[in-house]
Structure formats: C-alpha cells, structure tokens
>>> print(open('work-v3.pdb').read())   # PDB, C-alpha atoms
ATOM      1  CA  MET A   1     -77.885 -76.374  32.592
ATOM      2  CA  PRO A   2     -79.805 -78.231  29.842
ATOM      3  CA  HIS A   3     -78.287 -78.647  26.424
ATOM      4  CA  ARG A   4     -79.642 -76.583  23.528
ATOM      5  CA  HIS A   5     -80.180 -77.670  19.929
ATOM      6  CA  PHE A   6     -80.647 -75.714  16.689
ATOM      7  CA  VAL A   7     -81.474 -76.303  13.040
ATOM      8  CA  LEU A   8     -79.950 -73.906  10.536
ATOM      9  CA  HIS A   9     -80.244 -73.323   6.803
ATOM     10  CA  LYS A  10     -76.563 -72.799   6.010
ATOM     11  CA  PRO A  11     -76.330 -70.406   3.073
ATOM     12  CA  TYR A  12     -73.949 -70.656   0.128
ATOM     13  CA  GLY A  13     -70.573 -69.090   0.961
ATOM     14  CA  CYS A  14     -70.742 -69.611   4.726
ATOM     15  CA  LEU A  15     -68.230 -71.847   6.511
ATOM     16  CA  SER A  16     -69.598 -74.555   8.841
ATOM     17  CA  GLN A  17     -67.578 -73.280  11.794
ATOM     18  CA  PHE A  18     -67.482 -70.385  14.240
ATOM     19  CA  ARG A  19     -63.964 -69.101  13.559
ATOM     20  CA  SER A  20     -60.749 -69.904  11.726
ATOM     21  CA  GLU A  21     -57.057 -69.439  12.413
ATOM     22  CA  PHE A  22     -56.208 -69.498   8.691
ATOM     23  CA  LYS A  23     -55.323 -66.084   7.227
ATOM     24  CA  GLY A  24     -57.221 -66.806   4.007
ATOM     25  CA  GLU A  25     -60.451 -67.470   5.920
ATOM     26  CA  ARG A  26     -60.506 -64.417   8.195
ATOM     27  CA  ASN A  27     -62.861 -62.474   5.913
ATOM     28  CA  LYS A  28     -65.231 -65.410   5.361
ATOM     29  CA  GLN A  29     -68.741 -65.681   6.797
ATOM     30  CA  PHE A  30     -69.001 -67.902   9.879
ATOM     31  CA  LEU A  31     -71.966 -69.448  11.693
ATOM     32  CA  GLY A  32     -71.857 -66.951  14.555
ATOM     33  CA  ALA A  33     -72.839 -64.155  12.146
ATOM     34  CA  LEU A  34     -76.154 -65.909  11.410
ATOM     35  CA  HIS A  35     -77.601 -66.299  14.935
ATOM     36  CA  ASP A  36     -76.796 -65.609  18.579
ATOM     37  CA  PHE A  37     -75.836 -69.169  19.509
ATOM     38  CA  PRO A  38     -74.978 -69.904  23.173
ATOM     39  CA  PRO A  39     -71.361 -70.581  24.221
ATOM     40  CA  GLY A  40     -70.272 -74.147  23.525
ATOM     41  CA  THR A  41     -72.455 -74.589  20.435
ATOM     42  CA  MET A  42     -70.912 -76.858  17.800
ATOM     43  CA  ALA A  43     -71.932 -77.781  14.268
ATOM     44  CA  ILE A  44     -72.747 -81.471  13.850
ATOM     45  CA  GLY A  45     -70.791 -82.427  10.773
ATOM     46  CA  ARG A  46     -70.060 -79.956   8.006
ATOM     47  CA  LEU A  47     -71.237 -78.635   4.706
ATOM     48  CA  ASP A  48     -68.496 -77.184   2.515
ATOM     49  CA  GLU A  49     -68.511 -73.485   1.694
ATOM     50  CA  ALA A  50     -70.267 -74.001  -1.659
ATOM     51  CA  SER A  51     -72.941 -76.310  -0.220
ATOM     52  CA  GLU A  52     -76.199 -75.194   1.357
ATOM     53  CA  GLY A  53     -78.971 -76.535   3.501
ATOM     54  CA  LEU A  54     -79.643 -78.234   6.785
ATOM     55  CA  LEU A  55     -76.995 -77.989   9.467
ATOM     56  CA  LEU A  56     -77.680 -79.213  13.010
ATOM     57  CA  LEU A  57     -75.989 -77.507  15.949
ATOM     58  CA  THR A  58     -75.901 -78.465  19.612
ATOM     59  CA  THR A  59     -74.163 -77.848  22.928
ATOM     60  CA  ASP A  60     -74.220 -81.647  23.567
ATOM     61  CA  GLY A  61     -71.014 -83.373  22.423
ATOM     62  CA  ALA A  62     -72.404 -86.885  22.987
ATOM     63  CA  LEU A  63     -75.429 -86.119  20.813
ATOM     64  CA  SER A  64     -73.145 -84.683  18.140
ATOM     65  CA  ALA A  65     -71.236 -87.986  18.029
ATOM     66  CA  GLN A  66     -74.506 -89.968  17.752
ATOM     67  CA  VAL A  67     -75.760 -87.897  14.815
ATOM     68  CA  ARG A  68     -72.420 -88.193  12.990
ATOM     69  CA  SER A  69     -72.313 -91.971  13.448
ATOM     70  CA  PRO A  70     -72.808 -94.267  10.441
ATOM     71  CA  GLY A  71     -76.425 -95.220   9.918
ATOM     72  CA  VAL A  72     -78.014 -91.782  10.379
ATOM     73  CA  GLU A  73     -79.392 -90.874   6.947
ATOM     74  CA  LYS A  74     -78.425 -87.612   5.284
ATOM     75  CA  GLU A  75     -80.446 -86.588   2.210
ATOM     76  CA  TYR A  76     -79.141 -84.185  -0.411
ATOM     77  CA  TYR A  77     -80.674 -82.582  -3.478
ATOM     78  CA  ALA A  78     -78.067 -82.020  -6.181
ATOM     79  CA  GLN A  79     -78.438 -79.964  -9.328
ATOM     80  CA  VAL A  80     -76.108 -81.590 -11.825
ATOM     81  CA  ASP A  81     -74.659 -80.709 -15.205
ATOM     82  CA  GLY A  82     -76.462 -82.950 -17.692
ATOM     83  CA  LEU A  83     -79.418 -85.298 -17.611
ATOM     84  CA  VAL A  84     -79.580 -88.100 -15.053
ATOM     85  CA  THR A  85     -79.642 -91.494 -16.784
ATOM     86  CA  ASP A  86     -80.798 -94.858 -15.426
ATOM     87  CA  GLU A  87     -77.190 -96.062 -15.726
ATOM     88  CA  ALA A  88     -75.894 -93.169 -13.601
ATOM     89  CA  LEU A  89     -78.556 -93.839 -10.941
ATOM     90  CA  ALA A  90     -77.625 -97.540 -10.859
ATOM     91  CA  GLN A  91     -73.930 -96.671 -10.393
ATOM     92  CA  LEU A  92     -74.715 -94.213  -7.598
ATOM     93  CA  GLN A  93     -76.977 -96.718  -5.839
ATOM     94  CA  ALA A  94     -74.435 -99.566  -6.009
ATOM     95  CA  GLY A  95     -71.476 -97.549  -4.706
ATOM     96  CA  PHE A  96     -67.967 -97.360  -6.160
ATOM     97  CA  ALA A  97     -64.337 -96.540  -5.393
ATOM     98  CA  LEU A  98     -63.368 -92.946  -4.617
ATOM     99  CA  ARG A  99     -60.429 -91.182  -2.966
ATOM    100  CA  ALA A 100     -60.621 -89.598   0.491
ATOM    101  CA  ALA A 101     -59.158 -86.153   1.279
ATOM    102  CA  ASP A 102     -55.883 -87.813   2.376
ATOM    103  CA  GLY A 103     -55.643 -89.710  -0.946
ATOM    104  CA  ALA A 104     -56.639 -93.078   0.495
ATOM    105  CA  ALA A 105     -59.027 -95.170  -1.602
ATOM    106  CA  TYR A 106     -62.412 -96.118  -0.185
ATOM    107  CA  HIS A 107     -65.595 -97.700  -1.534
ATOM    108  CA  THR A 108     -68.848 -95.822  -1.005
ATOM    109  CA  ALA A 109     -71.634 -97.726   0.667
ATOM    110  CA  PRO A 110     -74.760 -98.439  -1.384
ATOM    111  CA  CYS A 111     -77.149 -95.505  -1.217
ATOM    112  CA  GLN A 112     -80.535 -94.341  -2.392
ATOM    113  CA  ALA A 113     -80.561 -92.164  -5.504
ATOM    114  CA  ARG A 114     -83.492 -90.959  -7.593
ATOM    115  CA  ARG A 115     -84.348 -88.298 -10.155
ATOM    116  CA  LEU A 116     -86.371 -85.274  -9.056
ATOM    117  CA  THR A 117     -88.920 -84.584 -11.777
ATOM    118  CA  THR A 118     -89.195 -80.897 -10.883
ATOM    119  CA  ALA A 119     -86.646 -78.482  -9.491
ATOM    120  CA  PRO A 120     -87.014 -77.984  -5.722
ATOM    121  CA  PRO A 121     -88.441 -74.572  -4.741
ATOM    122  CA  PHE A 122     -85.232 -73.266  -3.171
ATOM    123  CA  ALA A 123     -84.532 -69.546  -3.009
ATOM    124  CA  PRO A 124     -82.172 -68.428  -5.784
ATOM    125  CA  ARG A 125     -78.550 -68.793  -4.806
ATOM    126  CA  THR A 126     -76.597 -65.599  -4.130
ATOM    127  CA  ARG A 127     -74.116 -66.489  -6.875
ATOM    128  CA  LYS A 128     -75.511 -67.517 -10.256
ATOM    129  CA  ILE A 129     -74.956 -71.180 -11.010
ATOM    130  CA  ARG A 130     -74.485 -70.892 -14.764
ATOM    131  CA  ASP A 131     -76.226 -69.826 -17.938
ATOM    132  CA  GLU A 132     -78.764 -72.307 -19.347
ATOM    133  CA  ARG A 133     -77.281 -71.966 -22.845
ATOM    134  CA  HIS A 134     -74.430 -74.219 -21.619
ATOM    135  CA  GLY A 135     -76.731 -77.249 -21.750
ATOM    136  CA  PRO A 136     -79.357 -78.976 -19.647
ATOM    137  CA  THR A 137     -79.209 -79.512 -15.913
ATOM    138  CA  SER A 138     -81.263 -81.855 -13.762
ATOM    139  CA  TRP A 139     -81.873 -82.577 -10.095
ATOM    140  CA  LEU A 140     -81.433 -85.788  -8.137
ATOM    141  CA  ALA A 141     -81.856 -86.867  -4.535
ATOM    142  CA  ILE A 142     -79.148 -88.902  -2.809
ATOM    143  CA  VAL A 143     -79.509 -90.472   0.650
ATOM    144  CA  LEU A 144     -76.268 -91.471   2.385
ATOM    145  CA  THR A 145     -75.573 -93.224   5.680
ATOM    146  CA  GLU A 146     -71.929 -92.147   5.639
ATOM    147  CA  GLY A 147     -70.311 -88.795   5.063
ATOM    148  CA  LYS A 148     -66.856 -88.568   3.549
ATOM    149  CA  PHE A 149     -65.303 -85.254   2.487
ATOM    150  CA  ARG A 150     -67.181 -83.853  -0.547
ATOM    151  CA  GLN A 151     -68.668 -87.323  -1.127
ATOM    152  CA  VAL A 152     -71.799 -86.330  -3.063
ATOM    153  CA  ARG A 153     -69.788 -84.073  -5.386
ATOM    154  CA  LYS A 154     -67.241 -86.845  -5.992
ATOM    155  CA  MET A 155     -69.985 -89.408  -6.627
ATOM    156  CA  THR A 156     -71.885 -87.319  -9.179
ATOM    157  CA  ALA A 157     -68.653 -86.343 -10.958
ATOM    158  CA  ALA A 158     -67.638 -90.013 -11.150
ATOM    159  CA  VAL A 159     -70.809 -90.805 -13.124
ATOM    160  CA  GLY A 160     -70.322 -87.845 -15.485
ATOM    161  CA  LEU A 161     -72.739 -85.444 -13.763
ATOM    162  CA  PRO A 162     -70.754 -82.701 -11.989
ATOM    163  CA  THR A 163     -72.673 -81.069  -9.145
ATOM    164  CA  LEU A 164     -73.588 -77.430  -9.756
ATOM    165  CA  ARG A 165     -75.620 -76.868  -6.583
ATOM    166  CA  LEU A 166     -75.853 -79.053  -3.478
ATOM    167  CA  VAL A 167     -78.467 -78.669  -0.737
ATOM    168  CA  ARG A 168     -78.784 -80.974   2.298
ATOM    169  CA  VAL A 169     -82.504 -81.327   3.024
ATOM    170  CA  ARG A 170     -82.622 -83.954   5.783
ATOM    171  CA  VAL A 171     -80.587 -85.451   8.637
ATOM    172  CA  GLY A 172     -82.318 -88.427  10.279
ATOM    173  CA  GLY A 173     -85.904 -87.300  10.834
ATOM    174  CA  VAL A 174     -85.089 -83.574  10.735
ATOM    175  CA  TRP A 175     -86.023 -81.756   7.502
ATOM    176  CA  LEU A 176     -84.874 -78.384   6.184
ATOM    177  CA  GLY A 177     -88.513 -77.484   5.536
ATOM    178  CA  ASP A 178     -89.263 -73.802   5.066
ATOM    179  CA  LEU A 179     -86.171 -72.389   6.780
ATOM    180  CA  ALA A 180     -84.813 -69.509   4.712
ATOM    181  CA  PRO A 181     -81.088 -69.317   3.927
ATOM    182  CA  GLY A 182     -79.313 -68.049   7.049
ATOM    183  CA  GLU A 183     -82.291 -68.730   9.337
ATOM    184  CA  ALA A 184     -81.848 -70.723  12.565
ATOM    185  CA  ARG A 185     -84.512 -72.219  14.818
ATOM    186  CA  GLU A 186     -84.100 -73.702  18.303
ATOM    187  CA  VAL A 187     -85.622 -77.168  18.755
ATOM    188  CA  ALA A 188     -86.184 -79.456  21.744
ATOM    189  CA  ALA A 189     -84.525 -82.495  20.102
ATOM    190  CA  PHE A 190     -83.423 -83.956  16.767
ATOM    191  CA  ALA A 191     -85.990 -86.530  15.586
ATOM    192  CA  GLY A 192     -84.604 -89.786  14.258
ATOM    193  CA  CYS A 193     -80.997 -88.861  15.077
ATOM    194  CA  GLY A 194     -80.497 -90.778  18.301
ATOM    195  CA  GLY A 195     -81.286 -87.809  20.538
TER     196      GLY A 195
END
>>> encode(input="work-v3.pdb", output="structure tokens")
Amino acid sequence: MPHRHFVLHKPYGCLSQFRSEFKGERNKQFLGALHDFPPGTMAIGRLDEASEGLLLLTTDGALSAQVRSPGVEKEYYAQVDGLVTDEALAQLQAGFALRAADGAAYHTAPCQARRLTTAPPFAPRTRKIRDERHGPTSWLAIVLTEGKFRQVRKMTAAVGLPTLRLVRVRVGGVWLGDLAPGEAREVAAFAGCGG
C-alpha cells in the first residue's frame, strides 16, 4: 500500500501528537480531532502547544527521518514583544549558547533572520495575545536548519524580544499558504524535503 502524506495548519492549543498517556493531557486537543488520518500516520517533528502553523504528517517513517534531518530549512514568523533592532538580528543570525531541555548547553547554528515590515495576514488567534497598551510588538522571520526544543522562543528571549506568537510557515519547499487553522490537505510528496 502506498504511503500517504499530509500538510496541516496546527492551531494554537493543539498538541502535535495523536494521544497521550499523561493524566494532565487527556482533555487536550490532539491531531486526530482535526482530520481523519489513516492508521500509522505520524507527525514529522513537533510544534509546542502554544505554537501554530505548518505541520507535515506521513505514514512513511523513512521520509519522516529525512525531513527531520539537519539541513532541511524550517521558517517561522514570530511576533515579539518590542521592536526588532539591527543588533538583535545580528545576534540571531550569528547564533549563540542556549540550554537544551535536559539542561545541556549547546550553540545554535547560524540562521537567517529578518524583520517583517507588515504583520502577516494570519487569522486571529483563539486566545488574545495581549493588549497593545503594553507596548509595541513586531514580527520577524527566522529560518533554521536545526530544531531544538522551543529553540525560536529561547533565541528571541535571549536577545530581549520574548515571543508572543509563533507560526511555522515553511518546511523545505512546503509552505503553509492559505491553509486555515485546523485544516489538513493530502499531498503527493513534500517538495524540497528529501521525499
């Protein structure tokens, strides 16, 4: 039987998995509630519960490993607390030391980072981000070729710009495009992802 592949716009508040054995997660929203995926479907990588955007799913374990491998670009749009400075962009682009989930230190690889001059036209998030009277926010794009736990959030916080909203818009040559939050679409292959 041929493998099947899907692109999904993971909404805010949804876990990037199909089920959980943890008591505290039993009432959470899981991927299976969004679409009738075939048995054996797995998410390729993860987006944390508070993050949104492009999630690739497949029934092909070998393809999943290829897409997760270092070198496949992942692009994120981050709304941050404060205004993005040239100095912050330079720090993000150069890479710096952070701590992994297990507490081990690691150095992020150099990445692409740029200001977005206008806010992306995303649908409003289900939970309000914050009131504008608390100061300015801005948007930036970050392109990574690695993917550590909560890496974008840690990077923006390290340069004094905490992430308020995080949306993955691209993996390899696959773009989020016009998919609405919670919408899934079956595709023949994942462009620019090794499959």
>>> residues_around(input="work-v3.pdb", residues="Leu144 of chain A", least_positions_apart="5", cutoff="12 Å", atoms="only C-alpha atoms", output="ChimeraX atom specification")
/A:68-77,92-95,108-113,151-152,155,168-172
>>> resolve_selection(input="work-v3.pdb", expression="the PyMOL selection byres ((chain A and resi 63) around 10)", output="PyMOL selection string")
chain A and resi 3+5+44+57-62+64-69+189-190+193-195
>>> atom_distance(input="work-v3.pdb", atom1="atom CA of Thr145 of chain A", atom2="atom CA of Thr163 of chain A")
19.4 Å
>>> atom_distance(input="work-v3.pdb", atom1="atom CA of His107 of chain A", atom2="atom CA of Asp48 of chain A")
21.1 Å
>>> resolve_selection(input="work-v3.pdb", expression="the PyMOL selection byres ((chain A and resi 117) around 12)", output="PDB file with C-alpha atoms, keeping the file's coordinate frame")
ATOM      1  CA  TYR A  77     -80.674 -82.582  -3.478  1.00  0.00           C
ATOM      2  CA  GLN A  79     -78.438 -79.964  -9.328  1.00  0.00           C
ATOM      3  CA  LEU A  83     -79.418 -85.298 -17.611  1.00  0.00           C
ATOM      4  CA  VAL A  84     -79.580 -88.100 -15.053  1.00  0.00           C
ATOM      5  CA  ARG A 114     -83.492 -90.959  -7.593  1.00  0.00           C
ATOM      6  CA  ARG A 115     -84.348 -88.298 -10.155  1.00  0.00           C
ATOM      7  CA  LEU A 116     -86.371 -85.274  -9.056  1.00  0.00           C
ATOM      8  CA  THR A 118     -89.195 -80.897 -10.883  1.00  0.00           C
ATOM      9  CA  ALA A 119     -86.646 -78.482  -9.491  1.00  0.00           C
ATOM     10  CA  PRO A 120     -87.014 -77.984  -5.722  1.00  0.00           C
ATOM     11  CA  THR A 137     -79.209 -79.512 -15.913  1.00  0.00           C
ATOM     12  CA  SER A 138     -81.263 -81.855 -13.762  1.00  0.00           C
ATOM     13  CA  TRP A 139     -81.873 -82.577 -10.095  1.00  0.00           C
ATOM     14  CA  LEU A 140     -81.433 -85.788  -8.137  1.00  0.00           C
ATOM     15  CA  ALA A 141     -81.856 -86.867  -4.535  1.00  0.00           C
TER      16      ALA A 141
END
>>> closest_residue(input="work-v3.pdb", among="A:Ile142, A:Val167, A:Ala191, A:Ala158", to="Arg99 of chain A", atoms="all atoms listed in the file")
A:Ala158
>>> atom_distance(input="work-v3.pdb", atom1="atom CA of Thr156 of chain A", atom2="atom CA of Gly82 of chain A")
10.6 Å
>>> closest_residue(input="work-v3.pdb", among="A:Gly45, A:Gly103, A:Pro136, A:Pro121", to="Leu161 of chain A", atoms="all atoms listed in the file")
A:Pro136
>>> resolve_selection(input="work-v3.pdb", expression="the PyMOL selection byres ((chain A and resi 15) around 9)", output="MDAnalysis selection string")
chainID A and resid 10:14 16:19 25 28:31 46:50
>>> closest_residue(input="work-v3.pdb", among="A:Ala184, A:Val80, A:Val174, A:Leu89", to="Phe37 of chain A", atoms="all atoms listed in the file")
A:Ala184
>>> residues_around(input="work-v3.pdb", residues="Arg185 of chain A", least_positions_apart="5", cutoff="7 Å", atoms="all atoms listed in the file", output="MDAnalysis selection string")
chainID A and resid 6:8
>>> closest_residue(input="work-v3.pdb", among="A:Glu52, A:Asp102, A:Asp86, A:Arg4", to="Thr126 of chain A", atoms="all atoms listed in the file")
A:Glu52
>>> closest_residue(input="work-v3.pdb", among="A:Ala123, A:Met1, A:Ala105, A:Leu56", to="Pro181 of chain A", atoms="only C-alpha atoms")
A:Ala123
